[in-house]
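Text of coords_7.pdb (PDB, C-alpha atoms, pLDDT in the B column) as supplied:
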```
ATOM      1  CA  MET A   1       0.000   0.000   0.000  1.00 47.00           C
ATOM      2  CA  ALA A   2       2.888   2.349   0.786  1.00 50.00           C
ATOM      3  CA  GLU A   3       4.188   1.852  -2.759  1.00 71.00           C
ATOM      4  CA  ALA A   4       0.750   2.335  -4.322  1.00 80.00           C
ATOM      5  CA  TRP A   5      -0.289   5.603  -2.693  1.00 84.00           C
ATOM      6  CA  PRO A   6       1.625   7.941  -5.069  1.00 86.00           C
ATOM      7  CA  TRP A   7      -0.088   6.292  -8.045  1.00 90.00           C
ATOM      8  CA  LEU A   8      -3.465   6.581  -6.321  1.00 91.00           C
ATOM      9  CA  VAL A   9      -2.765  10.276  -5.711  1.00 88.00           C
ATOM     10  CA  LEU A  10      -1.917  10.736  -9.395  1.00 92.00           C
ATOM     11  CA  ILE A  11      -5.177   9.035 -10.372  1.00 94.00           C
ATOM     12  CA  GLY A  12      -7.149  11.106  -7.861  1.00 91.00           C
ATOM     13  CA  LEU A  13      -5.615  14.370  -9.084  1.00 89.00           C
ATOM     14  CA  GLY A  14      -6.320  13.314 -12.661  1.00 92.00           C
ATOM     15  CA  ALA A  15      -9.964  12.778 -11.722  1.00 92.00           C
ATOM     16  CA  LEU A  16     -10.034  16.194 -10.023  1.00 87.00           C
ATOM     17  CA  HIS A  17      -8.559  17.849 -13.093  1.00 88.00           C
ATOM     18  CA  GLY A  18     -11.088  16.049 -15.297  1.00 90.00           C
ATOM     19  CA  LEU A  19     -13.914  17.256 -13.059  1.00 86.00           C
ATOM     20  CA  ASN A  20     -12.792  20.877 -13.455  1.00 82.00           C
ATOM     21  CA  PRO A  21     -14.668  22.386 -16.442  1.00 79.00           C
ATOM     22  CA  ALA A  22     -11.708  24.685 -17.104  1.00 76.00           C
ATOM     23  CA  MET A  23      -9.572  21.643 -17.934  1.00 81.00           C
ATOM     24  CA  GLY A  24     -11.619  20.757 -21.007  1.00 81.00           C
ATOM     25  CA  TRP A  25     -15.022  19.108 -20.742  1.00 84.00           C
ATOM     26  CA  LEU A  26     -16.903  22.410 -20.829  1.00 81.00           C
ATOM     27  CA  PHE A  27     -15.117  23.401 -24.030  1.00 81.00           C
ATOM     28  CA  ALA A  28     -15.726  19.959 -25.590  1.00 86.00           C
ATOM     29  CA  VAL A  29     -19.448  20.202 -24.829  1.00 85.00           C
ATOM     30  CA  ALA A  30     -19.633  23.767 -26.144  1.00 80.00           C
ATOM     31  CA  LEU A  31     -17.974  22.725 -29.414  1.00 82.00           C
ATOM     32  CA  GLY A  32     -20.272  19.725 -29.705  1.00 84.00           C
ATOM     33  CA  LEU A  33     -23.393  21.830 -29.157  1.00 80.00           C
ATOM     34  CA  HIS A  34     -22.141  24.514 -31.523  1.00 78.00           C
ATOM     35  CA  ARG A  35     -21.616  21.963 -34.304  1.00 81.00           C
ATOM     36  CA  ALA A  36     -24.504  19.695 -33.231  1.00 82.00           C
ATOM     37  CA  SER A  37     -22.309  16.593 -33.171  1.00 85.00           C
ATOM     38  CA  MET A  38     -21.390  14.057 -30.507  1.00 91.00           C
ATOM     39  CA  SER A  39     -18.418  13.017 -32.638  1.00 91.00           C
ATOM     40  CA  VAL A  40     -17.004  16.541 -32.209  1.00 88.00           C
ATOM     41  CA  VAL A  41     -17.211  16.093 -28.436  1.00 90.00           C
ATOM     42  CA  VAL A  42     -15.287  12.805 -28.667  1.00 92.00           C
ATOM     43  CA  GLN A  43     -12.716  14.187 -31.126  1.00 92.00           C
ATOM     44  CA  SER A  44     -12.120  17.166 -28.847  1.00 90.00           C
ATOM     45  CA  LEU A  45     -11.009  14.873 -26.028  1.00 93.00           C
ATOM     46  CA  VAL A  46      -7.829  13.824 -27.894  1.00 93.00           C
ATOM     47  CA  PRO A  47      -6.150  17.273 -28.172  1.00 93.00           C
ATOM     48  CA  ILE A  48      -7.439  18.193 -24.707  1.00 92.00           C
ATOM     49  CA  ALA A  49      -5.700  15.134 -23.242  1.00 94.00           C
ATOM     50  CA  LEU A  50      -2.514  15.626 -25.281  1.00 94.00           C
ATOM     51  CA  GLY A  51      -2.255  19.287 -24.331  1.00 92.00           C
ATOM     52  CA  HIS A  52      -2.813  18.495 -20.666  1.00 93.00           C
ATOM     53  CA  ALA A  53      -0.250  15.675 -20.774  1.00 93.00           C
ATOM     54  CA  ALA A  54       2.367  17.885 -22.441  1.00 93.00           C
ATOM     55  CA  SER A  55       1.946  20.598 -19.817  1.00 90.00           C
ATOM     56  CA  VAL A  56       2.016  18.183 -16.892  1.00 90.00           C
ATOM     57  CA  PHE A  57       5.021  16.293 -18.261  1.00 91.00           C
ATOM     58  CA  ALA A  58       6.991  19.499 -18.857  1.00 89.00           C
ATOM     59  CA  VAL A  59       6.537  20.540 -15.235  1.00 84.00           C
ATOM     60  CA  ALA A  60       7.067  17.030 -13.876  1.00 83.00           C
ATOM     61  CA  ALA A  61      10.278  16.570 -15.871  1.00 84.00           C
ATOM     62  CA  ALA A  62      11.604  19.974 -14.822  1.00 83.00           C
ATOM     63  CA  VAL A  63      10.817  19.295 -11.171  1.00 76.00           C
ATOM     64  CA  ALA A  64      12.270  15.778 -11.284  1.00 74.00           C
ATOM     65  CA  MET A  65      15.495  16.974 -12.909  1.00 76.00           C
ATOM     66  CA  ALA A  66      15.792  19.810 -10.396  1.00 72.00           C
ATOM     67  CA  GLY A  67      15.642  17.185  -7.680  1.00 63.00           C
ATOM     68  CA  THR A  68      18.869  15.670  -8.976  1.00 62.00           C
ATOM     69  CA  VAL A  69      20.869  18.750  -7.967  1.00 59.00           C
ATOM     70  CA  ILE A  70      19.001  19.976  -4.880  1.00 61.00           C
ATOM     71  CA  ASP A  71      19.028  18.444  -1.411  1.00 58.00           C
ATOM     72  CA  GLY A  72      15.900  16.350  -0.854  1.00 58.00           C
ATOM     73  CA  ARG A  73      14.508  18.238   2.136  1.00 67.00           C
ATOM     74  CA  GLY A  74      15.308  21.634   0.651  1.00 68.00           C
ATOM     75  CA  PHE A  75      13.729  20.532  -2.608  1.00 66.00           C
ATOM     76  CA  ARG A  76      10.464  19.514  -0.910  1.00 69.00           C
ATOM     77  CA  PHE A  77      10.407  22.772   1.042  1.00 75.00           C
ATOM     78  CA  ALA A  78      10.933  24.876  -2.097  1.00 74.00           C
ATOM     79  CA  ALA A  79       8.270  22.907  -4.005  1.00 71.00           C
ATOM     80  CA  GLY A  80       5.807  23.326  -1.130  1.00 74.00           C
ATOM     81  CA  LEU A  81       6.329  27.083  -1.023  1.00 80.00           C
ATOM     82  CA  LEU A  82       5.931  27.258  -4.806  1.00 76.00           C
ATOM     83  CA  LEU A  83       2.603  25.424  -4.647  1.00 73.00           C
ATOM     84  CA  ILE A  84       1.246  27.657  -1.890  1.00 80.00           C
ATOM     85  CA  GLY A  85       2.511  30.747  -3.710  1.00 81.00           C
ATOM     86  CA  TRP A  86       0.811  29.588  -6.905  1.00 72.00           C
ATOM     87  CA  ALA A  87      -2.419  29.034  -4.954  1.00 74.00           C
ATOM     88  CA  ALA A  88      -2.250  32.619  -3.677  1.00 81.00           C
ATOM     89  CA  TYR A  89      -1.616  33.937  -7.187  1.00 75.00           C
ATOM     90  CA  HIS A  90      -4.461  31.850  -8.612  1.00 67.00           C
ATOM     91  CA  ALA A  91      -6.864  33.063  -5.914  1.00 74.00           C
ATOM     92  CA  VAL A  92      -6.036  36.743  -6.455  1.00 75.00           C
ATOM     93  CA  TYR A  93      -5.232  37.012 -10.160  1.00 68.00           C
ATOM     94  CA  GLY A  94      -6.334  33.763 -11.816  1.00 59.00           C
ATOM     95  CA  HIS A  95      -9.735  35.060 -12.898  1.00 54.00           C
ATOM     96  CA  ARG A  96      -8.064  37.942 -14.758  1.00 55.00           C
ATOM     97  CA  HIS A  97      -6.065  35.726 -17.115  1.00 50.00           C
ATOM     98  CA  ARG A  98      -8.564  33.432 -18.820  1.00 52.00           C
ATOM     99  CA  VAL A  99      -7.381  31.741 -22.003  1.00 49.00           C
ATOM    100  CA  ARG A 100      -9.929  32.527 -24.717  1.00 51.00           C
ATOM    101  CA  PHE A 101     -10.461  30.501 -27.909  1.00 48.00           C
ATOM    102  CA  GLY A 102     -13.442  30.791 -30.248  1.00 51.00           C
ATOM    103  CA  MET A 103     -15.796  28.034 -31.319  1.00 50.00           C
ATOM    104  CA  GLN A 104     -14.021  27.764 -34.698  1.00 54.00           C
ATOM    105  CA  VAL A 105     -10.767  26.583 -33.123  1.00 59.00           C
ATOM    106  CA  GLY A 106      -9.175  23.509 -34.734  1.00 67.00           C
ATOM    107  CA  LEU A 107      -7.850  20.427 -32.982  1.00 72.00           C
ATOM    108  CA  PHE A 108      -4.307  21.810 -32.826  1.00 75.00           C
ATOM    109  CA  GLY A 109      -5.546  25.051 -31.311  1.00 76.00           C
ATOM    110  CA  LEU A 110      -7.603  23.085 -28.807  1.00 80.00           C
ATOM    111  CA  GLY A 111      -4.466  21.182 -27.741  1.00 83.00           C
ATOM    112  CA  VAL A 112      -2.562  24.447 -27.278  1.00 82.00           C
ATOM    113  CA  TRP A 113      -5.475  25.849 -25.269  1.00 78.00           C
ATOM    114  CA  SER A 114      -5.522  22.746 -23.034  1.00 84.00           C
ATOM    115  CA  ALA A 115      -1.782  23.002 -22.365  1.00 84.00           C
ATOM    116  CA  LEU A 116      -2.070  26.687 -21.493  1.00 79.00           C
ATOM    117  CA  MET A 117      -5.015  26.068 -19.174  1.00 79.00           C
ATOM    118  CA  ALA A 118      -3.162  23.258 -17.368  1.00 81.00           C
ATOM    119  CA  ALA A 119      -0.073  25.448 -17.009  1.00 79.00           C
ATOM    120  CA  GLY A 120      -2.079  28.433 -15.815  1.00 71.00           C
ATOM    121  CA  HIS A 121      -3.854  26.361 -13.170  1.00 72.00           C
ATOM    122  CA  GLY A 122      -0.643  24.755 -11.907  1.00 75.00           C
ATOM    123  CA  ALA A 123      -1.820  21.255 -12.847  1.00 77.00           C
ATOM    124  CA  GLY A 124       1.744  19.952 -13.194  1.00 80.00           C
ATOM    125  CA  LEU A 125       2.785  21.386  -9.830  1.00 79.00           C
ATOM    126  CA  MET A 126      -0.007  19.513  -8.065  1.00 80.00           C
ATOM    127  CA  ILE A 127       1.504  16.109  -8.850  1.00 84.00           C
ATOM    128  CA  VAL A 128       4.831  16.981  -7.198  1.00 80.00           C
ATOM    129  CA  PRO A 129       3.916  15.441  -3.792  1.00 80.00           C
ATOM    130  CA  ALA A 130       3.361  12.100  -5.550  1.00 81.00           C
ATOM    131  CA  LEU A 131       6.243  12.496  -8.000  1.00 82.00           C
ATOM    132  CA  ILE A 132       8.995  12.884  -5.394  1.00 77.00           C
ATOM    133  CA  PRO A 133       8.432   9.545  -3.571  1.00 78.00           C
ATOM    134  CA  LEU A 134       8.142   7.771  -6.938  1.00 80.00           C
ATOM    135  CA  CYS A 135      11.521   9.158  -8.020  1.00 75.00           C
ATOM    136  CA  LEU A 136      13.082   8.166  -4.695  1.00 70.00           C
ATOM    137  CA  ALA A 137      11.587   4.667  -4.772  1.00 66.00           C
ATOM    138  CA  THR A 138      13.125   3.874  -8.170  1.00 61.00           C
ATOM    139  CA  SER A 139      16.661   4.620  -6.946  1.00 59.00           C
ATOM    140  CA  PRO A 140      18.541   2.006  -4.858  1.00 55.00           C
ATOM    141  CA  ALA A 141      20.191   4.844  -2.941  1.00 49.00           C
ATOM    142  CA  HIS A 142      16.847   6.643  -2.497  1.00 53.00           C
ATOM    143  CA  LEU A 143      18.140   9.661  -4.389  1.00 58.00           C
ATOM    144  CA  ILE A 144      16.621  11.389  -7.405  1.00 62.00           C
ATOM    145  CA  THR A 145      18.893  10.660 -10.361  1.00 62.00           C
ATOM    146  CA  ALA A 146      18.818  11.685 -14.003  1.00 61.00           C
ATOM    147  CA  ASP A 147      18.443   8.027 -15.071  1.00 68.00           C
ATOM    148  CA  THR A 148      15.184   7.600 -13.157  1.00 72.00           C
ATOM    149  CA  ALA A 149      13.713  11.105 -13.141  1.00 75.00           C
ATOM    150  CA  LEU A 150      12.530  11.319 -16.753  1.00 81.00           C
ATOM    151  CA  PRO A 151      11.005   7.791 -16.981  1.00 85.00           C
ATOM    152  CA  VAL A 152       9.125   8.425 -13.741  1.00 85.00           C
ATOM    153  CA  ALA A 153       7.903  11.779 -15.066  1.00 86.00           C
ATOM    154  CA  VAL A 154       6.627  10.076 -18.234  1.00 89.00           C
ATOM    155  CA  ALA A 155       4.850   7.362 -16.246  1.00 90.00           C
ATOM    156  CA  ALA A 156       3.358   9.847 -13.791  1.00 90.00           C
ATOM    157  CA  ALA A 157       2.077  12.136 -16.550  1.00 91.00           C
ATOM    158  CA  SER A 158       0.619   9.150 -18.431  1.00 94.00           C
ATOM    159  CA  VAL A 159      -1.277   7.729 -15.438  1.00 94.00           C
ATOM    160  CA  HIS A 160      -2.482  11.161 -14.399  1.00 94.00           C
ATOM    161  CA  THR A 161      -3.666  12.116 -17.899  1.00 94.00           C
ATOM    162  CA  THR A 162      -5.448   8.785 -18.422  1.00 96.00           C
ATOM    163  CA  ALA A 163      -7.523   9.373 -15.283  1.00 96.00           C
ATOM    164  CA  MET A 164      -8.178  12.960 -16.356  1.00 94.00           C
ATOM    165  CA  LEU A 165      -9.260  11.833 -19.847  1.00 95.00           C
ATOM    166  CA  ILE A 166     -11.696   9.227 -18.521  1.00 96.00           C
ATOM    167  CA  VAL A 167     -13.437  11.678 -16.184  1.00 95.00           C
ATOM    168  CA  THR A 168     -13.431  14.473 -18.770  1.00 94.00           C
ATOM    169  CA  GLY A 169     -14.895  12.179 -21.414  1.00 94.00           C
ATOM    170  CA  VAL A 170     -17.625  10.774 -19.198  1.00 94.00           C
ATOM    171  CA  ILE A 171     -18.744  14.215 -17.992  1.00 91.00           C
ATOM    172  CA  ALA A 172     -18.614  15.750 -21.477  1.00 91.00           C
ATOM    173  CA  MET A 173     -20.744  13.009 -23.016  1.00 91.00           C
ATOM    174  CA  LEU A 174     -23.236  12.997 -20.145  1.00 89.00           C
ATOM    175  CA  VAL A 175     -23.678  16.765 -20.259  1.00 87.00           C
ATOM    176  CA  TYR A 176     -23.987  16.759 -24.057  1.00 87.00           C
ATOM    177  CA  THR A 177     -26.509  13.898 -24.067  1.00 86.00           C
ATOM    178  CA  TRP A 178     -28.782  14.688 -21.115  1.00 80.00           C
ATOM    179  CA  ALA A 179     -28.234  18.321 -20.249  1.00 67.00           C
ATOM    180  CA  ASP A 180     -27.084  21.589 -21.718  1.00 58.00           C
ATOM    181  CA  LEU A 181     -24.828  24.418 -20.637  1.00 57.00           C
ATOM    182  CA  ALA A 182     -27.750  26.224 -18.996  1.00 59.00           C
ATOM    183  CA  PHE A 183     -27.811  23.700 -16.141  1.00 58.00           C
ATOM    184  CA  LEU A 184     -24.447  25.049 -14.968  1.00 55.00           C
ATOM    185  CA  ARG A 185     -26.176  28.261 -13.931  1.00 53.00           C
ATOM    186  CA  ARG A 186     -28.485  26.275 -11.639  1.00 54.00           C
ATOM    187  CA  ALA A 187     -25.975  23.811 -10.194  1.00 49.00           C
ATOM    188  CA  TRP A 188     -22.560  25.441 -10.213  1.00 51.00           C
ATOM    189  CA  LEU A 189     -19.636  24.474  -8.007  1.00 51.00           C
ATOM    190  CA  ASN A 190     -16.946  27.019  -7.193  1.00 56.00           C
ATOM    191  CA  VAL A 191     -14.172  24.986  -8.815  1.00 56.00           C
ATOM    192  CA  ASP A 192     -11.655  27.823  -8.456  1.00 63.00           C
ATOM    193  CA  LEU A 193     -12.029  27.627  -4.673  1.00 69.00           C
ATOM    194  CA  VAL A 194     -11.654  23.833  -4.690  1.00 64.00           C
ATOM    195  CA  TRP A 195      -8.581  24.177  -6.916  1.00 63.00           C
ATOM    196  CA  THR A 196      -6.972  26.762  -4.649  1.00 73.00           C
ATOM    197  CA  VAL A 197      -7.562  24.622  -1.547  1.00 74.00           C
ATOM    198  CA  ALA A 198      -6.073  21.588  -3.326  1.00 72.00           C
ATOM    199  CA  LEU A 199      -2.948  23.573  -4.227  1.00 70.00           C
ATOM    200  CA  VAL A 200      -2.526  24.729  -0.619  1.00 78.00           C
ATOM    201  CA  LEU A 201      -3.011  21.191   0.730  1.00 77.00           C
ATOM    202  CA  SER A 202      -0.457  19.819  -1.738  1.00 72.00           C
ATOM    203  CA  GLY A 203       2.046  22.484  -0.713  1.00 74.00           C
ATOM    204  CA  GLY A 204       1.396  21.867   2.971  1.00 78.00           C
ATOM    205  CA  LEU A 205       1.989  18.144   2.488  1.00 72.00           C
ATOM    206  CA  LEU A 206       5.415  18.847   0.997  1.00 69.00           C
ATOM    207  CA  LEU A 207       6.337  21.293   3.775  1.00 74.00           C
ATOM    208  CA  THR A 208       5.452  18.840   6.543  1.00 75.00           C
ATOM    209  CA  SER A 209       6.729  15.605   4.963  1.00 63.00           C
TER     210      SER A 209
END
```
Translate this file's structure into C-alpha cells.
Amino acid sequence: MAEAWPWLVLIGLGALHGLNPAMGWLFAVALGLHRASMSVVVQSLVPIALGHAASVFAVAAAVAMAGTVIDGRGFRFAAGLLLIGWAAYHAVYGHRHRVRFGMQVGLFGLGVWSALMAAGHGAGLMIVPALIPLCLATSPAHLITADTALPVAVAAASVHTTAMLIVTGVIAMLVYTWADLAFLRRAWLNVDLVWTVALVLSGGLLLTS
C-alpha cells in the first residue's frame, strides 16, 4: 500500500482535473453543441488530453530533474512554497487571465489551449507530492537521479492524464446527451475555490513531509 499511494494520488488528481470544467469538458461540450455533433465532443477529447499531458510532463520533468541537484529536504520545502505561492496567485489574479479561444478553433488550437489552461492552473505542480516519492523509490540509494527522473515523469504524466481523460470524457458526453450548458447556472460548483484549496493542501503536504 505504501508503494501504491503515489499512483493513487496521481489518479485522484487526474480525476479532479477532469472534473474541473476549465480543464476541457466544458469546451468539448460547447464545441459539440455549436456543431450539433457528438463526434465533435469525442474528437475534442484527444487534443485536450494531449495538451494536458504535455503541460504536466513538462513541469514534472523539470521538477524531477531539479531534484537531482538539490538536497531532498530543501527541494520539498521549495516545491511546497511554490505550490502555496501559486495558490495565492491563482486566488487573487487567476480570474483575470482566462485563455480565450473561439468556437471555430481547430484540434491543434484546442491542444494548445488545453496546455495553457493546465499550465495556468498549476496542474503539473499539483503532482509533485506524488512524484517525489516515486523518483526516490526507483533509486537504490533513495536519491533522485537523471536516469530515473525522466522515466518516472513520463509514467506519472501518463497515469495522471489517463484518469483525467476518462473523467473528462464521461462528464462531457453525459452533459452533451442529457443536459445543456444552462444547467451550470443552476448547479454550479466554485471549482476555483476547490482548486486553490487543493494547491494549498499539496504544498502543505510537501512542507510537513
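Distance check against A:Gly124 using only C-alpha atoms: of A:Ala79, A:Val29, A:Val46, A:Leu174, the minimum falls on A:Ala79.
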Please provide the set of residues having any atom within 7 Å of A:Gly24, restricted to all atoms listed in the file, with same-chain residues fewer than 2 positions apart removed, written as a PDB file with C-alpha atoms, in the coordinates of the input.
```pdb
ATOM      1  CA  PRO A  21     -14.668  22.386 -16.442  1.00 79.00           C
ATOM      2  CA  ALA A  22     -11.708  24.685 -17.104  1.00 76.00           C
ATOM      3  CA  LEU A  26     -16.903  22.410 -20.829  1.00 81.00           C
ATOM      4  CA  PHE A  27     -15.117  23.401 -24.030  1.00 81.00           C
ATOM      5  CA  ALA A  28     -15.726  19.959 -25.590  1.00 86.00           C
ATOM      6  CA  ILE A  48      -7.439  18.193 -24.707  1.00 92.00           C
ATOM      7  CA  SER A 114      -5.522  22.746 -23.034  1.00 84.00           C
ATOM      8  CA  THR A 168     -13.431  14.473 -18.770  1.00 94.00           C
TER       9      THR A 168
END
```
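Coordinates place atom CA of A:Ala115 at a distance of 14.6 Å from atom CA of A:Ser158.
Among the candidate residues A:Ala119, A:Cys135, A:Ala30, A:Ala88, the one lying nearest to A:Val200 is A:Ala88, with distances computed using only C-alpha atoms.
The smallest atom-to-atom distance between A:Pro129 and any of A:Val42, A:Ser202, A:Leu8, A:Ala15, using all atoms listed in the file, is found for A:Ser202.
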